[in-house]
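Coordinates as given in my_file.cif (mmCIF, C-alpha atoms):
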```cif
data_start
#
loop_
_atom_site.label_atom_id
_atom_site.label_comp_id
_atom_site.auth_asym_id
_atom_site.auth_seq_id
_atom_site.Cartn_x
_atom_site.Cartn_y
_atom_site.Cartn_z
CA MET A 820 26.87 -1.68 -24.84
CA VAL A 821 23.25 -0.64 -24.49
CA VAL A 822 22.62 1.89 -21.73
CA LYS A 823 19.12 1.76 -20.27
CA THR A 824 17.30 5.01 -19.66
CA ARG A 825 16.00 5.86 -16.21
CA ARG A 826 12.46 4.97 -17.32
CA GLN A 827 13.52 1.62 -18.80
CA LYS A 828 15.16 0.65 -15.52
CA LEU A 829 11.80 1.08 -13.82
CA GLU A 830 10.23 -1.62 -15.97
CA SER A 831 11.63 -4.26 -13.61
CA ASN A 832 10.96 -2.30 -10.42
CA ASN A 833 7.64 -2.28 -8.57
CA ASP A 834 8.64 0.46 -6.11
CA PHE A 835 8.85 3.99 -7.53
CA SER A 836 10.21 5.73 -4.42
CA GLN A 837 13.47 6.83 -6.01
CA ILE A 838 11.86 8.53 -8.97
CA ILE A 839 9.04 10.09 -6.93
CA GLY A 840 11.41 11.59 -4.36
CA ASP A 841 9.55 14.17 -2.29
CA GLY A 842 6.57 14.06 -4.64
CA LEU A 843 5.47 14.42 -8.25
CA PRO A 844 2.47 16.37 -9.58
CA LEU A 845 -0.19 13.68 -9.99
CA SER A 846 -1.59 15.39 -13.06
CA ALA A 847 1.82 15.11 -14.76
CA VAL A 848 2.05 11.43 -13.84
CA LEU A 849 -1.34 10.74 -15.39
CA ARG A 850 -0.35 12.65 -18.55
CA ASP A 851 2.67 10.30 -18.79
CA GLU A 852 5.08 13.21 -18.44
CA THR A 853 7.25 11.64 -15.74
CA ASP A 854 9.57 8.64 -15.51
CA ILE A 855 6.70 6.49 -14.21
CA PRO A 856 5.36 4.82 -17.38
CA LEU A 857 1.57 4.53 -17.35
CA SER A 858 1.89 1.21 -19.17
CA LYS A 859 3.71 -0.10 -16.09
CA ILE A 860 0.85 0.63 -13.68
CA GLN A 861 -2.13 0.14 -16.00
CA ASP A 862 -4.73 -2.12 -14.31
CA LYS A 863 -2.30 -2.95 -11.51
CA TYR A 864 -2.92 -3.38 -7.79
CA ILE A 865 -1.09 -0.63 -5.92
CA ILE A 866 -0.35 0.87 -2.53
CA TYR A 867 -0.03 4.64 -2.81
CA VAL A 868 0.33 7.84 -0.81
CA VAL A 869 -0.94 11.21 -1.99
CA GLY A 870 -1.17 14.69 -0.51
CA ASN A 871 -2.99 17.77 -1.70
CA ASN A 872 -1.34 21.18 -2.00
CA THR A 873 -3.65 23.17 0.27
CA ILE A 874 -1.85 25.09 3.02
CA HIS A 875 -3.64 23.40 5.92
CA ASP A 876 -2.81 19.92 4.56
CA ARG A 877 0.93 20.37 4.04
CA LYS A 878 1.62 17.92 6.88
CA VAL A 879 -1.13 15.47 5.93
CA VAL A 880 -0.99 12.36 3.73
CA LYS A 881 -3.61 9.98 2.41
CA VAL A 882 -2.58 6.32 2.26
CA GLY A 883 -4.59 4.00 0.06
CA ARG A 884 -4.85 0.91 -2.11
CA ALA A 885 -6.33 0.39 -5.54
CA GLN A 886 -7.21 -2.52 -7.77
CA ASN A 887 -7.15 -0.23 -10.81
CA ALA A 888 -4.26 2.18 -10.35
CA ILE A 889 -4.99 4.80 -12.98
CA GLN A 890 -8.71 4.98 -12.34
CA ARG A 891 -8.16 5.47 -8.61
CA LEU A 892 -5.46 8.10 -9.04
CA LYS A 893 -7.65 10.04 -11.46
CA SER A 894 -10.28 10.37 -8.75
CA TYR A 895 -7.91 12.64 -6.80
CA ILE A 896 -7.64 14.95 -9.78
CA HIS A 897 -11.43 15.24 -9.77
CA ALA A 898 -11.37 15.98 -6.03
CA TRP A 899 -8.43 18.41 -5.80
CA GLY A 900 -7.89 19.59 -9.37
CA THR A 901 -4.70 19.77 -11.42
CA ASN A 902 -1.47 21.48 -10.41
CA ASN A 903 -1.41 25.13 -11.47
CA LEU A 904 1.49 27.56 -11.02
CA GLN A 905 -0.95 30.46 -10.68
CA PHE A 906 -2.76 28.65 -7.87
CA PRO A 907 -0.14 26.84 -5.75
CA SER A 908 -2.80 25.40 -3.43
CA SER A 909 -4.48 23.51 -6.26
CA GLY A 910 -3.70 19.98 -7.29
CA VAL A 911 -2.27 16.92 -5.59
CA LYS A 912 1.12 15.23 -5.32
CA LEU A 913 1.89 11.56 -5.71
CA LEU A 914 4.20 10.78 -2.78
CA TYR A 915 4.56 7.00 -2.91
CA LEU A 916 3.62 4.19 -5.29
CA ARG A 917 4.25 0.46 -5.17
CA ILE A 918 2.77 -2.31 -7.30
CA ILE A 919 1.39 -5.30 -5.37
CA LYS A 920 1.09 -8.74 -6.95
CA LYS A 921 -2.40 -10.05 -7.66
CA GLU A 922 -2.29 -12.96 -5.26
CA PHE A 923 -4.49 -14.43 -2.57
CA VAL A 924 -3.25 -15.61 0.81
CA ASP A 925 -4.73 -18.42 2.89
CA ILE A 926 -4.16 -17.66 6.59
CA TYR A 927 -5.56 -20.59 8.57
CA GLY A 928 -8.51 -20.87 6.22
CA ASP A 929 -9.21 -17.14 6.03
CA VAL A 930 -8.56 -16.28 2.37
CA ASN A 931 -7.76 -12.66 1.62
CA SER A 932 -5.99 -10.75 -1.13
CA ARG A 933 -2.36 -9.85 -0.66
CA LEU A 934 -3.29 -6.21 -1.34
CA ASN A 935 -5.70 -6.14 1.61
CA ILE A 936 -3.17 -7.76 3.95
CA VAL A 937 -0.36 -5.40 2.99
CA GLU A 938 -2.56 -2.31 3.31
CA SER A 939 -3.98 -3.37 6.69
CA ASN A 940 -0.51 -4.03 8.04
CA LEU A 941 0.78 -0.68 6.74
CA LEU A 942 -2.08 1.30 8.29
CA ARG A 943 -1.76 -0.52 11.61
CA LYS A 944 1.98 0.09 11.88
CA LEU A 945 1.62 3.77 10.95
CA ARG A 946 -0.86 4.21 13.81
CA GLU A 947 1.69 2.71 16.20
CA ILE A 948 4.47 5.20 15.37
CA ASP A 949 5.05 8.07 17.78
CA GLY A 950 4.72 11.37 15.98
CA ILE A 951 2.15 10.14 13.45
CA SER A 952 -1.55 10.65 14.19
CA LEU A 953 -4.61 9.28 12.44
CA ILE A 954 -7.13 11.98 11.50
CA THR A 955 -10.19 10.02 12.60
CA SER A 956 -12.63 12.56 11.14
CA ARG A 957 -11.27 11.71 7.68
CA GLY A 958 -11.42 7.94 7.83
CA ARG A 959 -8.75 5.35 8.61
CA GLU A 960 -6.24 6.28 5.89
CA THR A 961 -5.42 9.96 6.49
CA PHE A 962 -2.48 10.78 8.74
CA TYR A 963 -0.87 13.91 10.20
CA SER A 964 2.57 14.58 11.64
CA LYS A 965 3.96 17.85 12.90
CA ARG A 966 7.31 16.54 11.65
CA GLY A 967 5.97 16.77 8.10
CA ARG A 968 5.33 14.51 5.15
CA LYS A 969 8.94 13.45 4.75
CA PHE A 970 8.88 11.77 8.16
CA MET A 971 5.69 9.88 7.29
CA LEU A 972 6.99 8.83 3.88
CA GLU A 973 10.17 7.44 5.42
CA ALA A 974 7.98 5.39 7.76
CA VAL A 975 5.88 4.12 4.84
CA ARG A 976 8.98 3.09 2.89
CA ASP A 977 10.46 1.29 5.90
CA ILE A 978 7.24 -0.63 6.57
CA MET A 979 6.80 -1.58 2.92
CA ASN A 980 10.41 -2.70 2.62
CA GLN A 981 9.87 -4.98 5.61
CA GLN A 982 7.03 -6.57 3.67
CA SER A 983 9.13 -7.10 0.55
CA THR A 984 9.62 -10.75 1.53
CA PHE A 985 5.87 -11.24 2.02
CA SER A 986 5.65 -13.69 -0.89
CA LYS A 987 7.70 -16.23 1.08
CA GLN A 988 5.77 -18.84 3.07
CA HIS A 989 5.82 -17.68 6.70
CA SER A 990 4.38 -20.81 8.27
CA THR A 991 2.91 -24.20 7.45
CA GLY A 992 -0.53 -22.59 7.65
CA ILE A 993 0.02 -20.17 4.78
CA LYS A 994 -0.19 -20.97 1.11
CA LEU A 995 0.19 -18.34 -1.59
CA LYS A 996 -2.05 -18.87 -4.59
CA PRO A 997 -1.88 -17.20 -8.02
CA PHE A 998 -4.72 -14.74 -8.59
CA THR A 999 -6.30 -16.80 -11.36
CA ARG A 1000 -6.24 -20.21 -9.66
CA ARG A 1001 -8.99 -21.74 -7.56
CA MET A 1002 -8.35 -21.00 -3.91
CA MET A 1003 -8.64 -24.01 -1.61
CA PRO A 1004 -7.74 -23.66 2.08
CA GLN A 1005 -4.72 -25.81 2.99
CA ARG A 1006 -4.02 -26.36 6.69
CA THR A 1007 -1.99 -28.81 8.68
CA SER A 1008 -3.45 -30.79 11.59
CA GLN A 1009 -1.60 -28.51 14.01
CA CYS A 1010 -3.17 -25.48 12.39
CA ASP A 1011 -6.62 -27.10 12.60
CA SER A 1012 -6.19 -27.73 16.33
CA ALA A 1013 -5.08 -24.16 16.95
CA LEU A 1014 -7.92 -22.82 14.85
CA ARG A 1015 -10.56 -24.79 16.75
CA ALA A 1016 -9.20 -23.44 20.02
CA MET A 1017 -9.19 -19.86 18.76
CA HIS A 1018 -12.75 -20.13 17.48
CA LYS A 1019 -13.97 -20.52 21.05
CA TYR A 1020 -13.05 -16.92 21.65
CA CYS A 1021 -12.87 -15.08 18.33
CA ASP A 1022 -14.21 -15.12 14.80
CA MET A 1023 -12.24 -15.40 11.57
CA SER A 1024 -11.77 -11.66 11.18
CA GLN A 1025 -10.01 -11.57 14.54
CA ASP A 1026 -7.81 -14.50 13.51
CA LEU A 1027 -6.13 -12.22 11.01
CA GLN A 1028 -5.42 -9.63 13.70
CA LEU A 1029 -3.95 -12.30 15.94
CA PHE A 1030 -1.74 -13.48 13.10
CA GLN A 1031 -0.48 -9.97 12.34
CA ARG A 1032 0.35 -9.29 15.99
CA GLY A 1033 1.81 -12.68 16.73
CA LYS A 1034 4.88 -14.68 15.92
CA TYR A 1035 4.42 -14.57 12.16
CA GLU A 1036 4.57 -10.80 11.67
CA LEU A 1037 3.84 -9.77 8.09
#
```

What would the structure in this file look like if it were written as structure tokens?
Amino acid sequence: MVVKTRRQKLESNNDFSQIIGDGLPLSAVLRDETDIPLSKIQDKYIIYVVGNNTIHDRKVVKVGRAQNAIQRLKSYIHAWGTNNLQFPSSGVKLLYLRIIKKEFVDIYGDVNSRLNIVESNLLRKLREIDGISLITSRGRETFYSKRGRKFMLEAVRDIMNQQSTFSKQHSTGIKLKPFTRRMMPQRTSQCDSALRAMHKYCDMSQDLQLFQRGKYEL
């Protein structure tokens, strides 16, 4: 009987929450010194959460997305440095990482990448949670909670787990397309009628917001 190592088990898993735990030094991850194999995330689309080690940011997280995982994560090393035992406030921790499939979604004719949809939904739901505040002076992806990072990470995991069935077709107006195929909008007559009515009052960018807040919650 062949027993798989902890790292080998991750090869079929796109969510690294269990191995990351309360956080891993990002510099160690990028040196391939952890159970997250760099070959697994190379050139992948990802949703991630990071946090730097400075004292005033101990209850702050940065949520983000990337179309090139390693390149994006390296940018945080350039910004905050590597982890150093002599300087505990240096460096950055990787707090959450999930691979997102390279797919496009057609929502009533508004074609967008699955990565964009998942990230937008995650950020919106985080803003709606009591006890989590958006730090507006630092963009739309940096959050604070007096309850600490663990509380925010639990919220992130819950929201992302709710989206684990996102690849299923949620309505007759949605078609999932492989990343490499030509994307052609596909709508039913009922969808066309609803879309014409909505266009009297809102543009296509608002259609997406209506979809996310409506019956077909992502």

Restricting the calculation to only C-alpha atoms, which member of A:Ile896, A:Ile874, A:Ile948, A:Leu942 is positioned closest to Met979 (chain A)?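 So, comparing all the options, the nearest one is A:Leu942.
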
Which residues, written as a list in words, have at least one atom at most 7 Å from region 955-962 of chain A, with all atoms listed in the file counted and residues fewer than 6 positions away on the same chain left out?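 Using all atoms listed in the file, the neighbours found are Val879, Val880, Lys881, Val882, Gly883 and Leu942 of chain A.
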
Selection from above, C-alpha atoms, as a PDB file, in the frame of the given file, can you write it?
```pdb
ATOM      1  CA  VAL A 879      -1.130  15.470   5.930  1.00  0.00           C
ATOM      2  CA  VAL A 880      -0.990  12.360   3.730  1.00  0.00           C
ATOM      3  CA  LYS A 881      -3.610   9.980   2.410  1.00  0.00           C
ATOM      4  CA  VAL A 882      -2.580   6.320   2.260  1.00  0.00           C
ATOM      5  CA  GLY A 883      -4.590   4.000   0.060  1.00  0.00           C
ATOM      6  CA  LEU A 942      -2.080   1.300   8.290  1.00  0.00           C
TER       7      LEU A 942
END
```

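Between CA of Tyr867 (chain A) and CA of Glu973 (chain A) lies a distance of 13.4 Å.
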
Report as number ranges by chain the residues that result from applying the PyMOL selection byres ((chain A and resi 966) around 12) to the structure here. A: 877-879, 949-952, 962-965, 967-974

Expected file: the selected residues, C-alpha atoms, as a compact mmCIF listing (two decimals), in the frame of the given file:
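Saved result, result_9.txt, follows:
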```
# COMPACT_ATOMS: atom_id res chain seq x y z
CA ARG A 877 0.93 20.37 4.04
CA LYS A 878 1.62 17.92 6.88
CA VAL A 879 -1.13 15.47 5.93
CA ASP A 949 5.05 8.07 17.78
CA GLY A 950 4.72 11.37 15.98
CA ILE A 951 2.15 10.14 13.45
CA SER A 952 -1.55 10.65 14.19
CA PHE A 962 -2.48 10.78 8.74
CA TYR A 963 -0.87 13.91 10.20
CA SER A 964 2.57 14.58 11.64
CA LYS A 965 3.96 17.85 12.90
CA GLY A 967 5.97 16.77 8.10
CA ARG A 968 5.33 14.51 5.15
CA LYS A 969 8.94 13.45 4.75
CA PHE A 970 8.88 11.77 8.16
CA MET A 971 5.69 9.88 7.29
CA LEU A 972 6.99 8.83 3.88
CA GLU A 973 10.17 7.44 5.42
CA ALA A 974 7.98 5.39 7.76
```

Tell me which residues the PyMOL selection byres ((chain A and resi 908) around 12) grabs here, as a list in words.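 On the file shown, the PyMOL selection byres ((chain A and resi 908) around 12) covers Gly870, Asn871, Asn872, Thr873, Ile874, His875, Asp876, Arg877, Trp899, Gly900, Thr901, Asn902, Asn903, Leu904, Gln905, Phe906, Pro907, Ser909, Gly910, Val911 and Lys912 of chain A.
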
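The neighbours of Ile889 (chain A) here are the residues that come within 12 Å of it, using only C-alpha atoms and leaving out any residue fewer than 5 positions away in the same chain; they are Leu845, Ser846, Val848, Leu849, Arg850, Asp851, Ile855, Pro856, Leu857, Ser858, Lys859, Ile860, Gln861, Asp862, Lys863, Tyr864, Ile865, Tyr867, Arg884, Ser894, Tyr895, Ile896, Leu916 and Ile918 of chain A.
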
Put a box with edges along x, y and z around all the listed atoms of region 858-870 of chain A, pad it by 3 Å on each side, then give me its centre and sizes in Å, one decimal, as AutoDock Vina command-line options.
```
--center_x -0.5 --center_y 5.7 --center_z -9.8 --size_x 14.4 --size_y 24.1 --size_z 24.7
```

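Across A:Arg891, A:Gln886, A:His897, A:Val975, the tightest approach to Arg943 (chain A) is made by A:Val975 when counting all atoms listed in the file.
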
Record the distance separating CA of Asp834 (chain A) and CA of Ile954 (chain A), expressed in Å with one decimal.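 About the pair CA of Asp834 (chain A) and CA of Ile954 (chain A): they are 26.3 Å apart.
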
Please report the interatomic distance between CA of Asp977 (chain A) and CA of Lys944 (chain A) in Å with one decimal.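 Between CA of Asp977 (chain A) and CA of Lys944 (chain A) the gap is 10.4 Å.
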
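Using only C-alpha atoms for every distance, the candidate list A:Ile866, A:Ile839, A:Ile978, A:Ala847 yields A:Ile978 as the residue closest to Leu941 (chain A).
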